[in-house]
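Data first, discussion second: the structure below is written as structure tokens.
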Amino acid sequence: MKLSAKKARDGVLLVLPVVLGCLLFYALPFVLVLRYSVTQGVGASVRFVGWENYRAVWHNALFGRAFQNTARFLLLGLPLILILSYAIALLLKNEVERHKLLKSVLLFPYIMPVVGAVLIVDLVFGEAGLFNRCLIALGAPVRDWLHSPASFWVAMALYLWKNTGYSVILLLSGLSTIPADQYAAAQLDGAGRLRQFWHITAPQMWYSVFFAAVFSLINAFKCFREIFLIGGAHPDDSVYMLQHFINNCFENLNYPKLAVASVLLGIAVTAVLTVLFLWVRRKERYRE
Amino acid sequence: MCLKRYIAGIAAATILIGLAGCSAGSPGVEETGAEPITIRVLSNADTAMSSPSSAYGMDYEIRRLIGEYERAHEEVTIDLEFLPASGEERETRIAELRTEILAGNGPDVYLMSPYKLEQLSYNSYETQIDGGLFPDVAQSMYNGVFYDISAFYDGDTELHVDELAPGVMEMGTVDGARFVLPLRYTYPVVFADRNALDGAGMDVEHMKADLGGFFEELMRHADTASWFNGAAQVVMTLDPFYLIPQLIDYETGDVLLTDQELADFTRRCWEITDRCETILAMPGVSSYVQMGWFPLAAPGLEDGETDVWASMRAPLCIGGAATAISACAMAEVEGVDMELFPLRALDGSLVAEITWWGAVGAGCEHPETAYDFLRRMLLPETQWELKRPTGDENTVVSGFFGSGLPVRVIGAAQPLWNALKAQLVHFAGTDKAAANRAAALQSVSLTDADILPLLSARVDAARVPMALGSQWSEVLANRLEYEDALDSEARALIEELRWHLAEG
């Protein structure tokens with residue numbers, strides 16, 4: 001349906017403030033970061049150095065380690081959280097309408113302040129925490145859960161605990177848009193739960209899953225706050241993330257390295273999301 | 001629909017006005033030479049090696065210079081900021097400054113010490129290495145945080161840069177470009193009683209060669225506890241890395257020290273302090289070390305009394321290069337034939353520690369004016385404290401004492417000693433014994449010849465202490481706690497140095 005010129009103009013005017021805000025607070029800073037990534041110095045001393053900064057960061061072993069750890073965390077964490085939240089959403093699909101409090105309960109870990117979450121982690125996994133006390137009671141040797149390679153799994157558990165509820169809420173919203181009569185018809189035709197899921201639920205949930213994946217990706221990066229409070233600026237090798245690298249470069253006043261790391265991270269995330277989006281759009285093409 | 005259009009229009013206009021406001025220059029900073037100029041100076045002078053409640057040391061000189069400069073240049077206003085000493089206020093301000101520097105709006109001039117004074121309790125303070133805004137000044141030079149002042153400095157004929165300590169001044173350059181002006185420096189100096197050295201059979205030339213030779217002579221020939229009391233000071237320093245010169249190559253990003261070398265060095269230092277601690281536990285032995293410290297810290301002289309502490313005087317002690325001036329005066333008063341020489345590092349090189357430095361910020365909009373102010377820190381009147389008040393209630397203790405030797409070291413001995421001498425009388429106050437001591441010191445005259453061993457020793461390298469160094473001084477000072485885990489601690493520190501290079 002073609003819009004009239006007047007309606008189009010009104011639409012542009014309505015979105016203009018948000019667009020200008022995004023340009024000012026997102027696009028413009030990103031352009032500045034790109035500029036920092038190909039220059040050295042600040043202020044009046046800035047000079048163009050081409051790809052020199054990228055070459056330096058690419059050969060930086062610490063950056064490589066941070067990139068690997070971040071990729072490992074995302075490749076494990078994202079599928080886990082999506083599978084977990086999808087399963088929980090399917091189980092709770094019919095209960096949520098009857099028990100309004102359930103959504104609040106699901107969101108509780110998500111809204112918990114970072115410091116509160118870190119305190120809980122320390123209470124459970126700290127040197128004198130619950131886990132170690134259980135191990136002592138069982139006669140097993142204690143472990144340093146927070147400052148050893150095991151800290152990766154602690155961070156993963158924290159991420160899943162904090163963010164699964166939020167993804168469940170997003171997926172429940174998607175599930176609620178699927179007409180119930182489709183399930184009824186399928187049941188009449190003799191389709192079991194698995195076939196109903198495969199032929200009715202899954203095909204209509206791709207955009208919701210994509211939406212949940214995007215937010216899960218954002219929340220995965222937010223996990224840095226808890227890891228930072230637990231492990232400091234230089235935690236165990238297994239949880240040294242790109243944000244640690246970027247943060248420490250800022251503290252050491254090395255802005256080019258910080259900018260390059262941010263650009264490379266941005267490119268990687270954009271590439272992943274683009275592939276995901278194109279794949280989801282292909283899956284949803286049937287609607288057209 | 002009309003209402004929506006008006007609301008959208010107002011919102012868009014608001015954002016555009018905000019954008020226009022963001023592009024405006026900082027208030028008070030004008031672009032043309034005739035307009036008023038504001039120079040922002042950042043310092044940590046009053047939280048460095050000085051009392052926080054008094055104008056002492058470098059903060060006096062900085063304030064004096066600012067007043068003079070503003071009177072001489074009416075169009076220039078200098079805003080002086082001191083970094084908060086500690087706590088959340090300090091952390092917040094440092095984070096703000098990092099952001100300002102990133103945006104090119106950082107301070108125009110830095111006058112900084114690598115140290116800060118941390119308050120431990122009500123009236124208890126401790127000097128620590130300040131790893132706040134600049135955890136590694138040398139690295140910051142490579143990162144382009146400072147303005148290249150080569151054009152100004154190299155053409156500054158009035159500064160007579162050839163009179164400045166050459167090895168020390170090289171610290172502020174990268175590939176021939178100058179970014180930092182070292183202002184004060186120090187290195188460990190051995191003060192020893194020549195007669196005691198000869199009597200114990202010490203090979204002085206071997207002691208002068210390097211740290212290893214110094215330790216070996218002590219272990220071989222030191223026959224009493226007091227030798228070690230004085231020598232132990234070499235490891236009770238905030239940054240022990242000046243004794244290990246080959247630490248970092250900033251060009252290649254390599255750590256040149258191995259964990260094994262660090263552990264071996266630490267064990268050798270512990271051999272010395274071990275003898276010191278054992279001795280302190282022995283009854284009847286005083287740990288009093290007379291030479292080298294602030295002259296009035298020595299016990300006073302009652303009327304007609306000779307120095308009753310002479311028999312307990314340590315034959316050797318180690319102090320900063322700046323204390324050589326007062327140590328020479330004390331030795332003359334006490335009739336001690338003093339041997340003084342720089343304590344060289346493990347490889348025989350002489351490494352200086354920069355205790356004060358200055359720089360122009362990379363984002364400075366008026367670099368010429370900023371340099372014009374900064375260069376005054378290198379003039380003789382500032383370096384030699386020629387304008388410090390004497391003899392009245394507002395007298396402040398000589399700044400060089402806590403701040404290190406001035407880089408304009410040739411010709412410094414006489415004016416610095418004269419400035420200190422004038423203040424000693426005031427600080428003796430009504431205490432008769434202290435006044436006697438101060439009166440005895442008035443008769444002493446010093447010239448460069450008295451500190452010739454220091455002036456003739458060329459500094460091979462200079463370094464601004466790094467915060468990581470203070471971690472290792474903790475290990476050096478606590479053998480019992482770290483002995484079993486020394487190798488793993490050394491590996492951890494080398495790993496931290498690698499992280500520091502990779503992230504900085």
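Letters A, B, ... go to the chains of the structure tokens in the order shown; residues in each chain start at 1; ligands are counted from 1 in the same order.
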
Next on the checklist: Please list as a list in words every residue within 8 Å of Leu276 in chain A, counting only C-alpha atoms and excluding residues in the same chain fewer than 4 positions away.
Outcome noted: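 Surrounding residues, per the criterion: Phe210, Val272 and Val280 of chain A.
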
(message) If we count only C-alpha atoms and set the cut-off at 7 Å, which residues sit around range 78-82 of chain A, ignoring sequence neighbours fewer than 2 positions away in its own chain? Please answer as a list of chain:residue names.
(response) A:Leu74, A:Leu75, A:Leu76, A:Leu84, A:Ser85, A:Tyr86, A:Leu160, A:Thr164, A:Ala213, A:Ser216, A:Leu217

Review point. Range 350-357 of chain B: which residues within 6 Å, counting only C-alpha atoms, same-chain residues fewer than 5 positions away excluded, as a PyMOL selection string?
Key: chain B and resi 111-113+181-187+242+344+459-464

Exercise for the section: Give me, please, the distance in Å between CA of Gln187 in chain A and CA of Tyr286 in chain A, quoted to one decimal. Expected result: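 Computing it gives 22.5 Å between the two atoms.
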
Next on the checklist: Using only C-alpha atoms and a distance of at most 6 Å, pull out the residues of chain A that contact chain B, as a ChimeraX atom specification.
Outcome noted: /A:13-14,17,41-45,249,252,254

Give me the residues of range 60-138 of chain A that have any atom at most 12 Å from an atom of range 229-232 of chain A; for each, the nearest atom pair and the distance in Å, rounded to one decimal. Use only C-alpha atoms, sort by chain and number, and format it as JSON lines.
{"residue": "A:Val114", "atom": "CA", "partner": "A:Leu229", "partner_atom": "CA", "distance": 8.7}
{"residue": "A:Val115", "atom": "CA", "partner": "A:Leu229", "partner_atom": "CA", "distance": 7.9}
{"residue": "A:Gly116", "atom": "CA", "partner": "A:Leu229", "partner_atom": "CA", "distance": 11.0}
{"residue": "A:Ala117", "atom": "CA", "partner": "A:Leu229", "partner_atom": "CA", "distance": 10.1}
{"residue": "A:Val118", "atom": "CA", "partner": "A:Ile230", "partner_atom": "CA", "distance": 6.7}
{"residue": "A:Leu119", "atom": "CA", "partner": "A:Ile230", "partner_atom": "CA", "distance": 9.1}
{"residue": "A:Ile120", "atom": "CA", "partner": "A:Ile230", "partner_atom": "CA", "distance": 11.0}
{"residue": "A:Val121", "atom": "CA", "partner": "A:Ile230", "partner_atom": "CA", "distance": 8.5}
{"residue": "A:Asp122", "atom": "CA", "partner": "A:Ile230", "partner_atom": "CA", "distance": 8.0}
{"residue": "A:Leu123", "atom": "CA", "partner": "A:Ile230", "partner_atom": "CA", "distance": 11.8}
{"residue": "A:Phe125", "atom": "CA", "partner": "A:Ile230", "partner_atom": "CA", "distance": 10.6}
{"residue": "A:Gly126", "atom": "CA", "partner": "A:Ile230", "partner_atom": "CA", "distance": 9.7}

Export of prior selection with C-alpha atoms as a compact mmCIF listing (two decimals), in the first residue's frame:
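What ended up in part.txt:
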# COMPACT_ATOMS: atom_id res chain seq x y z
CA VAL A 114 24.99 -7.12 39.94
CA VAL A 115 26.48 -6.86 43.43
CA GLY A 116 23.71 -9.09 44.79
CA ALA A 117 24.44 -11.73 42.18
CA VAL A 118 28.16 -11.57 42.96
CA LEU A 119 27.44 -12.03 46.66
CA ILE A 120 25.41 -15.13 45.91
CA VAL A 121 28.20 -16.49 43.73
CA ASP A 122 30.68 -15.90 46.52
CA LEU A 123 28.39 -17.56 49.05
CA PHE A 125 31.42 -20.89 45.13
CA GLY A 126 33.74 -18.93 47.40
